[in-house]
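To keep things clear, I will list the structure first and then write my remarks on it.
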Amino acid sequence: MWRPCGVMDETYSEDLAIVRTPEHWMLTVAALGMLALLPFLVSGVTLNTLNYIAITIVALHGVNILTGLTGQITLGQASFMAIGAYAMTMMVRYWGLSFWVATPLAMAVTGLAGVVIGLPSLRIKGFYLAMATLAAQFIVPWMIVNIRPDLTGGTDTMTVPAPTIGGFHLTSQQSIFYLSATIAVLSTVFARNVMRSRFGRAFVAIRDNDVAAEIMGIRVVRYKLLSFWLCSLYAGLAGCLYAIWMRGISVEHFTLHESIWYLGMLIVGGMGSVPGVILGAILIRGLTILVTYIGPWISGFLPPGTGTVIELGLGPIVFGLVVLGFLIFEPRGLARIWERFKTFYRLWPYSY
Amino acid sequence: MRFLQYLLTGLLTGGIYGLIGLAIVIIYKSTKVFNFAVGALMTFCALICVGLVVRIGLPFWAALPASLGFACVLGFLTERLGMRPLLAQPILTLIMATLAIESILYGMMVIIWEGYTISFPHGLLPGKTIFIGPLFIPHEFLYAFVVAVIAFVAVGLFFFKTHTGLKMRVTAESHEVAMALGINITRIFSMSWMLAAAVGALAGVFIGNRLGLQVAITPSLAFKALPAIIFGGLDSVAGAIIGGFTVGIVEKLAGGYIDPNVAEITPYIILLLVLIVRPQGLFGEERIERI
């Protein structure tokens, strides 16, 4: 990894550290402090968006581990989120568990489902595996709606009780922001550590060539399933957060469309990169919000009677163009642009 | 008798799945790109066809070729602007590119046609539902079935009897070999996208005649064609049609005998089973991997 001149590692723990220099520490503390202060600085819609971004980051880390690191394409992340969200809500509503107990259990359920859906990956890969996860994306919402509609509410929205902490109900956007931001930060640290561990390297080996990885002694079966498991744990967690953020869930929230957007965010951010996950989630979700403001402005220029739904259509168009643009011009995404910028400012004012 | 009815309806619906599947297979065969945008493409062209009939007042026999021509243009533009810069990229890039194109087309359709159900004027196709004893056959589906069979035969002849078809098959075998033999593979890619878009548009028009078109729903019908082609084999024209019929029939039988709700996901259950048991499909070619 790139480091400024004069930073020497004298112990193994220094060599392993993520945060290395005093400046680094200052920046990290300042960033965390900013995050803690944010709910007081912004309000309403912005805070709502920030919550959405935080939840997206959690889900996207899962996609990154599975698709970015292990190379198993998933078109089913939203269905995993649905499993997590519904499992948590049902445990809270029918078993009377608290949110804090139900969430790990829901994650476990999602993890199990993820391993089951990952089973075909042992035989098929690439495009065929994308098909299998696509099938999951259709089957899971169907099961939620049709198998026990008396428990899941069928296609209706199921309300989610607000979690409590020491008698305090987490209902306001601010309190949910603290929860979701904390979880987003922790899951980022975890994802970063997965990447540089034995597991992360095994995942990358499988992505690059699974036959070669197997010959080198990596247990492909175990690591592929592990990757699916981790991915769905993240999805389950994100689903639980989503449920308490929306305070009501229905299968309409977890569509194929959402799963595709997660993949798109990963492309825009940069595959297999942790900063990329954060940048991609912020860019795409930010653009979506921007479009809802720009849409009415554009339709003001159009003749009356046309363009009434322009903000509905503009979102997908912008998303598609951005993803296509990144695929063609910067396939390694925002993370690569960020790396280039870092190199630039470290050497500034010299060019090299 | 109920069984026969389900079999018949399934066979006729399967024709449409087969047609959509054919559109995917044509592109996959020559470019190795899996086209997820086929649903949006076909809906777009079908909506254009409705527009020509309703707004401009063209007769159906003139509007249909016009919309197929539009499909060719759309397919050409898609390939030229979206897929050409991504030649020989990893599979995820290609999948994501077609999904991005689907997203763009979807957004355009939402803006142009909004969210309403748009149907062809009633009785556009001559004839009406045919009754044979207790069996009934919706004539729109019958047309779709006949057109699907004709399209299948035509595409088959095109692939196996014409010079261009031969070039396409060589390109499918190996891009490098094709280039070494002096085949202009980028032109082949353009042609297969245009052909596939036209075949897809045909499917879209028949869906529109029977069920009406809705921007949010119709594109997702194309996903039901995926099990059909996986079942038949991704690179097989015959497989697409046979897979389409099979999926259509099984879907209707499951819907009729088990539960109407089950019909929705039967194709995907078939898909999972095929993927686990025989990933290359019935007629697909098994690829042996080397390092």
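As shown in the structure tokens, the chain order sets the letters A, B, ...; within each chain, residues go from 1, and ligands are also counted from 1 in the order they appear.
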
(request) Identify all chain A residues at most 6 Å from chain B by counting only C-alpha atoms; ligands do not count. Present them as a ChimeraX atom specification. (result) /A:120,132,135,309-310,313-314,316-317,320,324

File of the preceding selection, N, CA and C atoms, as a PDB file, in the first residue's frame:
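Output contents, as saved in part_38.pdb:
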ATOM      1  N   PRO A 120     -26.049 -23.798  -5.653  1.00  0.00           N
ATOM      2  CA  PRO A 120     -25.802 -24.011  -7.093  1.00  0.00           C
ATOM      3  C   PRO A 120     -24.443 -23.488  -7.536  1.00  0.00           C
ATOM      4  N   ALA A 132     -29.367 -18.190 -11.225  1.00  0.00           N
ATOM      5  CA  ALA A 132     -29.856 -18.844 -10.012  1.00  0.00           C
ATOM      6  C   ALA A 132     -30.245 -17.806  -8.968  1.00  0.00           C
ATOM      7  N   ALA A 135     -33.449 -16.275  -9.917  1.00  0.00           N
ATOM      8  CA  ALA A 135     -34.587 -17.115  -9.547  1.00  0.00           C
ATOM      9  C   ALA A 135     -34.938 -16.895  -8.083  1.00  0.00           C
ATOM     10  N   VAL A 309     -44.570  12.757 -15.200  1.00  0.00           N
ATOM     11  CA  VAL A 309     -43.924  11.726 -14.399  1.00  0.00           C
ATOM     12  C   VAL A 309     -42.422  11.740 -14.639  1.00  0.00           C
ATOM     13  N   ILE A 310     -41.911  12.908 -15.034  1.00  0.00           N
ATOM     14  CA  ILE A 310     -40.539  12.908 -15.515  1.00  0.00           C
ATOM     15  C   ILE A 310     -39.561  12.484 -14.425  1.00  0.00           C
ATOM     16  N   GLY A 313     -39.176   8.680 -14.338  1.00  0.00           N
ATOM     17  CA  GLY A 313     -38.421   8.067 -15.417  1.00  0.00           C
ATOM     18  C   GLY A 313     -36.976   8.506 -15.451  1.00  0.00           C
ATOM     19  N   LEU A 314     -36.732   9.714 -14.931  1.00  0.00           N
ATOM     20  CA  LEU A 314     -35.385  10.264 -15.007  1.00  0.00           C
ATOM     21  C   LEU A 314     -34.403   9.459 -14.152  1.00  0.00           C
ATOM     22  N   PRO A 316     -34.177   6.104 -13.393  1.00  0.00           N
ATOM     23  CA  PRO A 316     -33.578   4.971 -14.112  1.00  0.00           C
ATOM     24  C   PRO A 316     -32.682   5.394 -15.265  1.00  0.00           C
ATOM     25  N   ILE A 317     -33.070   6.487 -15.984  1.00  0.00           N
ATOM     26  CA  ILE A 317     -32.247   6.908 -17.119  1.00  0.00           C
ATOM     27  C   ILE A 317     -30.874   7.354 -16.623  1.00  0.00           C
ATOM     28  N   GLY A 320     -28.861   4.374 -15.450  1.00  0.00           N
ATOM     29  CA  GLY A 320     -28.338   3.581 -16.568  1.00  0.00           C
ATOM     30  C   GLY A 320     -27.178   4.279 -17.250  1.00  0.00           C
ATOM     31  N   LEU A 324     -23.411   2.852 -17.359  1.00  0.00           N
ATOM     32  CA  LEU A 324     -22.825   2.569 -18.670  1.00  0.00           C
ATOM     33  C   LEU A 324     -21.564   3.409 -18.876  1.00  0.00           C
TER      34      LEU A 324
END

(request) List every residue of region 105-145 of chain B that DSSP, applied to the backbone, labels as helix (DSSP H, G or I), and write the result as number ranges by chain. (result) B: 105-113, 139-145

Ala59 (chain A) environment, 12 Å, only C-alpha atoms, sequence neighbours closer than 5 positions dropped, as a short mmCIF file (atom, residue, chain, number, x, y, z; two decimals) with N, CA and C atoms, in the first residue's frame:
data_model
loop_
_atom_site.label_atom_id
_atom_site.label_comp_id
_atom_site.auth_asym_id
_atom_site.auth_seq_id
_atom_site.Cartn_x
_atom_site.Cartn_y
_atom_site.Cartn_z
N TYR A 52 -30.66 6.30 4.49
CA TYR A 52 -30.79 5.38 3.37
C TYR A 52 -29.40 5.00 2.86
N ILE A 53 -28.51 6.00 2.77
CA ILE A 53 -27.16 5.72 2.29
C ILE A 53 -26.45 4.77 3.24
N ALA A 54 -26.59 5.00 4.55
CA ALA A 54 -25.91 4.13 5.53
C ALA A 54 -26.40 2.69 5.38
N ASN A 64 -20.33 -6.54 -2.35
CA ASN A 64 -18.92 -6.39 -2.70
C ASN A 64 -18.13 -7.65 -2.37
N ILE A 65 -18.43 -8.25 -1.20
CA ILE A 65 -17.70 -9.46 -0.84
C ILE A 65 -18.02 -10.58 -1.81
N LEU A 66 -19.30 -10.71 -2.14
CA LEU A 66 -19.69 -11.83 -2.99
C LEU A 66 -19.32 -11.60 -4.46
N GLY A 76 -29.62 -11.04 -6.39
CA GLY A 76 -30.64 -11.33 -5.39
C GLY A 76 -30.45 -10.67 -4.05
N GLN A 77 -29.62 -9.62 -3.99
CA GLN A 77 -29.34 -9.02 -2.70
C GLN A 77 -30.61 -8.50 -2.04
N ALA A 78 -31.50 -7.92 -2.83
CA ALA A 78 -32.72 -7.36 -2.24
C ALA A 78 -33.58 -8.47 -1.62
N SER A 79 -33.55 -9.67 -2.23
CA SER A 79 -34.37 -10.74 -1.64
C SER A 79 -33.77 -11.20 -0.32
N PHE A 80 -32.44 -11.20 -0.20
CA PHE A 80 -31.82 -11.51 1.10
C PHE A 80 -32.23 -10.47 2.13
N MET A 81 -32.23 -9.19 1.71
CA MET A 81 -32.65 -8.14 2.62
C MET A 81 -34.08 -8.37 3.08
N ALA A 82 -34.93 -8.83 2.14
CA ALA A 82 -36.32 -9.09 2.50
C ALA A 82 -36.39 -10.19 3.55
N GLY A 84 -34.15 -10.97 5.79
CA GLY A 84 -33.71 -10.41 7.07
C GLY A 84 -34.79 -9.53 7.68
N SER A 180 -27.79 3.44 12.48
CA SER A 180 -27.39 2.96 11.16
C SER A 180 -25.97 3.40 10.82
N ILE A 183 -23.57 1.13 12.69
CA ILE A 183 -23.48 -0.19 12.06
C ILE A 183 -22.74 -0.09 10.73
N ALA A 184 -22.98 1.01 9.99
CA ALA A 184 -22.29 1.16 8.71
C ALA A 184 -20.78 1.25 8.93
N SER A 187 -19.47 -2.18 10.02
CA SER A 187 -19.46 -3.17 8.93
C SER A 187 -18.39 -2.82 7.91
N THR A 188 -18.09 -1.52 7.77
CA THR A 188 -17.01 -1.14 6.87
C THR A 188 -15.67 -1.66 7.40
N ALA A 191 -15.56 -5.34 6.83
CA ALA A 191 -15.33 -5.69 5.42
C ALA A 191 -13.88 -5.44 5.04
N LEU A 230 -21.45 -14.64 4.19
CA LEU A 230 -21.11 -13.28 4.62
C LEU A 230 -22.00 -12.27 3.91
N CYS A 231 -22.18 -12.48 2.61
CA CYS A 231 -23.00 -11.56 1.83
C CYS A 231 -24.40 -11.48 2.40
N SER A 232 -24.96 -12.65 2.74
CA SER A 232 -26.34 -12.59 3.21
C SER A 232 -26.42 -12.12 4.66
N LEU A 233 -25.34 -12.30 5.45
CA LEU A 233 -25.35 -11.69 6.78
C LEU A 233 -25.48 -10.18 6.66
N TYR A 234 -24.66 -9.60 5.79
CA TYR A 234 -24.76 -8.16 5.56
C TYR A 234 -26.15 -7.78 5.10
N ALA A 235 -26.68 -8.58 4.15
CA ALA A 235 -28.00 -8.26 3.63
C ALA A 235 -29.05 -8.34 4.74
N GLY A 236 -28.93 -9.36 5.60
CA GLY A 236 -29.89 -9.48 6.69
C GLY A 236 -29.84 -8.29 7.61
N LEU A 237 -28.62 -7.87 7.95
CA LEU A 237 -28.45 -6.71 8.82
C LEU A 237 -29.05 -5.48 8.17
N ALA A 238 -28.73 -5.29 6.89
CA ALA A 238 -29.26 -4.13 6.18
C ALA A 238 -30.78 -4.19 6.13
N GLY A 239 -31.32 -5.40 5.95
CA GLY A 239 -32.78 -5.55 5.91
C GLY A 239 -33.41 -5.14 7.23
N CYS A 240 -32.79 -5.55 8.37
CA CYS A 240 -33.33 -5.18 9.69
C CYS A 240 -33.32 -3.67 9.85
N LEU A 241 -32.19 -3.04 9.46
CA LEU A 241 -32.10 -1.59 9.57
C LEU A 241 -33.16 -0.93 8.70
N TYR A 242 -33.31 -1.48 7.49
CA TYR A 242 -34.29 -0.92 6.56
C TYR A 242 -35.69 -0.98 7.18
N GLU A 258 -34.10 -3.26 -7.21
CA GLU A 258 -33.17 -2.88 -6.14
C GLU A 258 -31.86 -3.67 -6.25
N SER A 259 -32.01 -4.99 -6.49
CA SER A 259 -30.81 -5.82 -6.61
C SER A 259 -29.91 -5.34 -7.73
N TRP A 261 -29.76 -2.32 -8.84
CA TRP A 261 -29.14 -1.06 -8.44
C TRP A 261 -27.93 -1.31 -7.55
N TYR A 262 -28.00 -2.33 -6.70
CA TYR A 262 -26.84 -2.62 -5.85
C TYR A 262 -25.63 -2.97 -6.72
N LEU A 263 -25.87 -3.83 -7.73
CA LEU A 263 -24.76 -4.18 -8.62
C LEU A 263 -24.22 -2.94 -9.32
N MET A 265 -24.32 0.16 -8.27
CA MET A 265 -23.54 0.97 -7.33
C MET A 265 -22.15 0.41 -7.17
N LEU A 266 -22.07 -0.92 -7.15
CA LEU A 266 -20.77 -1.55 -7.00
C LEU A 266 -19.87 -1.22 -8.19
N VAL A 277 -17.31 1.03 -2.25
CA VAL A 277 -18.67 0.76 -1.79
C VAL A 277 -19.30 2.04 -1.26
N ILE A 278 -18.52 2.76 -0.43
CA ILE A 278 -19.08 3.96 0.19
C ILE A 278 -19.34 5.03 -0.87
N ALA A 281 -22.34 4.04 -3.19
CA ALA A 281 -23.64 4.21 -2.53
C ALA A 281 -24.00 5.68 -2.45
#

(request) Please identify all polymer residues within 9 Å of Phe199 (chain A), counting only C-alpha atoms, omitting same-chain residues fewer than 4 positions from it, and present them as a ChimeraX atom specification. (result) /A:194-195,203-204,223,226-227

Okay, now the selection with C-alpha atoms, as a CSV table (one decimal), in the first residue's frame?
chain,number,residue,atom,x,y,z
A,194,VAL,CA,-12.2,-9.5,5.6
A,195,MET,CA,-10.5,-8.3,2.5
A,203,PHE,CA,-12.0,-15.1,-2.3
A,204,VAL,CA,-9.8,-13.1,-4.7
A,223,TYR,CA,-15.0,-20.4,0.6
A,226,LEU,CA,-18.6,-18.6,3.2
A,227,SER,CA,-18.8,-15.8,0.7

(message) Env of Tyr94 (chain A): 12 Å cut, atoms = only C-alpha atoms, seq-sep filter 6 positions within chain, self excluded. Answer as a list of chain:residue names.
(response)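 Counting only the stated atoms, we get A:Tyr86, A:Ala87, A:Met88, A:Ala102, A:Asp150, A:Leu151, A:Thr152, A:Val160, A:Pro161.
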
(message) So that I can check the surroundings of Arg187 (chain B), please list as JSON, numbers by chain every protein, DNA and RNA residue that reaches within 12 Å of it, counting only C-alpha atoms and ignoring chain neighbours fewer than 4 positions away.
(response) {"B": [30, 31, 76, 79, 80, 84, 164, 167, 168, 171, 178, 179, 182, 183, 191, 192, 193, 194]}

(request) Using DSSP on the backbone coordinates, identify all residues within region 84-180 of chain B classified as strand (DSSP E or B); present the result as a ChimeraX atom specification. (result) /B:117-118,130-132,135-137

Selection above as a file: C-alpha atoms, as a PDB file, in the first residue's frame:
ATOM      1  CA  THR B 117     -52.005  -0.080 -19.312  1.00  0.00           C
ATOM      2  CA  ILE B 118     -51.937   0.510 -23.034  1.00  0.00           C
ATOM      3  CA  ILE B 130     -61.920 -20.438 -31.372  1.00  0.00           C
ATOM      4  CA  PHE B 131     -63.941 -23.122 -29.625  1.00  0.00           C
ATOM      5  CA  ILE B 132     -63.308 -26.776 -30.385  1.00  0.00           C
ATOM      6  CA  LEU B 135     -61.603 -26.369 -25.630  1.00  0.00           C
ATOM      7  CA  PHE B 136     -61.070 -22.731 -26.373  1.00  0.00           C
ATOM      8  CA  ILE B 137     -58.119 -21.112 -28.116  1.00  0.00           C
TER       9      ILE B 137
END

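The neighbours of Phe152 (chain B) here are the residues that come within 9 Å of it, using only C-alpha atoms and leaving out any residue fewer than 2 positions away in the same chain; they are B:Gly18, B:Leu19, B:Leu22, B:Val147, B:Ala148, B:Val149, B:Ile150, B:Ala154, B:Val155, B:Gly156, B:Leu157, B:Val237, B:Ala238, B:Ile241.
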
Written selection (C-alpha atoms) as a PDB file, in the first residue's frame:
ATOM      1  CA  GLY B  18     -39.906 -19.140 -27.153  1.00  0.00           C
ATOM      2  CA  LEU B  19     -39.959 -16.019 -29.300  1.00  0.00           C
ATOM      3  CA  LEU B  22     -35.036 -16.768 -29.533  1.00  0.00           C
ATOM      4  CA  VAL B 147     -45.586 -16.486 -35.974  1.00  0.00           C
ATOM      5  CA  ALA B 148     -43.255 -18.038 -33.412  1.00  0.00           C
ATOM      6  CA  VAL B 149     -43.016 -21.229 -35.439  1.00  0.00           C
ATOM      7  CA  ILE B 150     -42.455 -19.261 -38.651  1.00  0.00           C
ATOM      8  CA  ALA B 154     -36.865 -18.619 -40.655  1.00  0.00           C
ATOM      9  CA  VAL B 155     -34.107 -18.015 -38.130  1.00  0.00           C
ATOM     10  CA  GLY B 156     -33.074 -21.644 -38.370  1.00  0.00           C
ATOM     11  CA  LEU B 157     -32.861 -21.451 -42.152  1.00  0.00           C
ATOM     12  CA  VAL B 237     -32.167 -22.099 -31.543  1.00  0.00           C
ATOM     13  CA  ALA B 238     -34.245 -25.248 -31.329  1.00  0.00           C
ATOM     14  CA  ILE B 241     -38.440 -22.890 -28.842  1.00  0.00           C
TER      15      ILE B 241
END

(message) Between B:Ile16, B:Val38, B:Leu4, B:Ile27, which residue has the minimum interatomic distance to Phe245 (chain B), considering only C-alpha atoms?
(response)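 Comparing B:Ile16, B:Val38, B:Leu4, B:Ile27 against Phe245 (chain B), the winner is B:Ile16.
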
(request) Record the distance separating CA of Val221 (chain A) and CA of Gly276 (chain A), expressed in Å with one decimal. (result)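 Separating CA of Val221 (chain A) from CA of Gly276 (chain A) is a distance of 27.4 Å.
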
(request) Pick out the closest residue to Gly6 (chain A) from this set: A:Ile328, A:Ala31, A:Thr21, A:Ser250. Count only C-alpha atoms. (result) A:Thr21

(message) Taking only C-alpha atoms into account, name the residue in B:Ser190, B:Thr162, B:Asn209, B:Asn35 that is nearest to Leu64 (chain B).
(response)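 Selected residue with least distance to Leu64 (chain B): B:Asn209.
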
(message) Report, in Å to a single decimal, how far apart CA of Ile217 (chain B) and CA of Phe120 (chain B) are.
(response) 16.2 Å
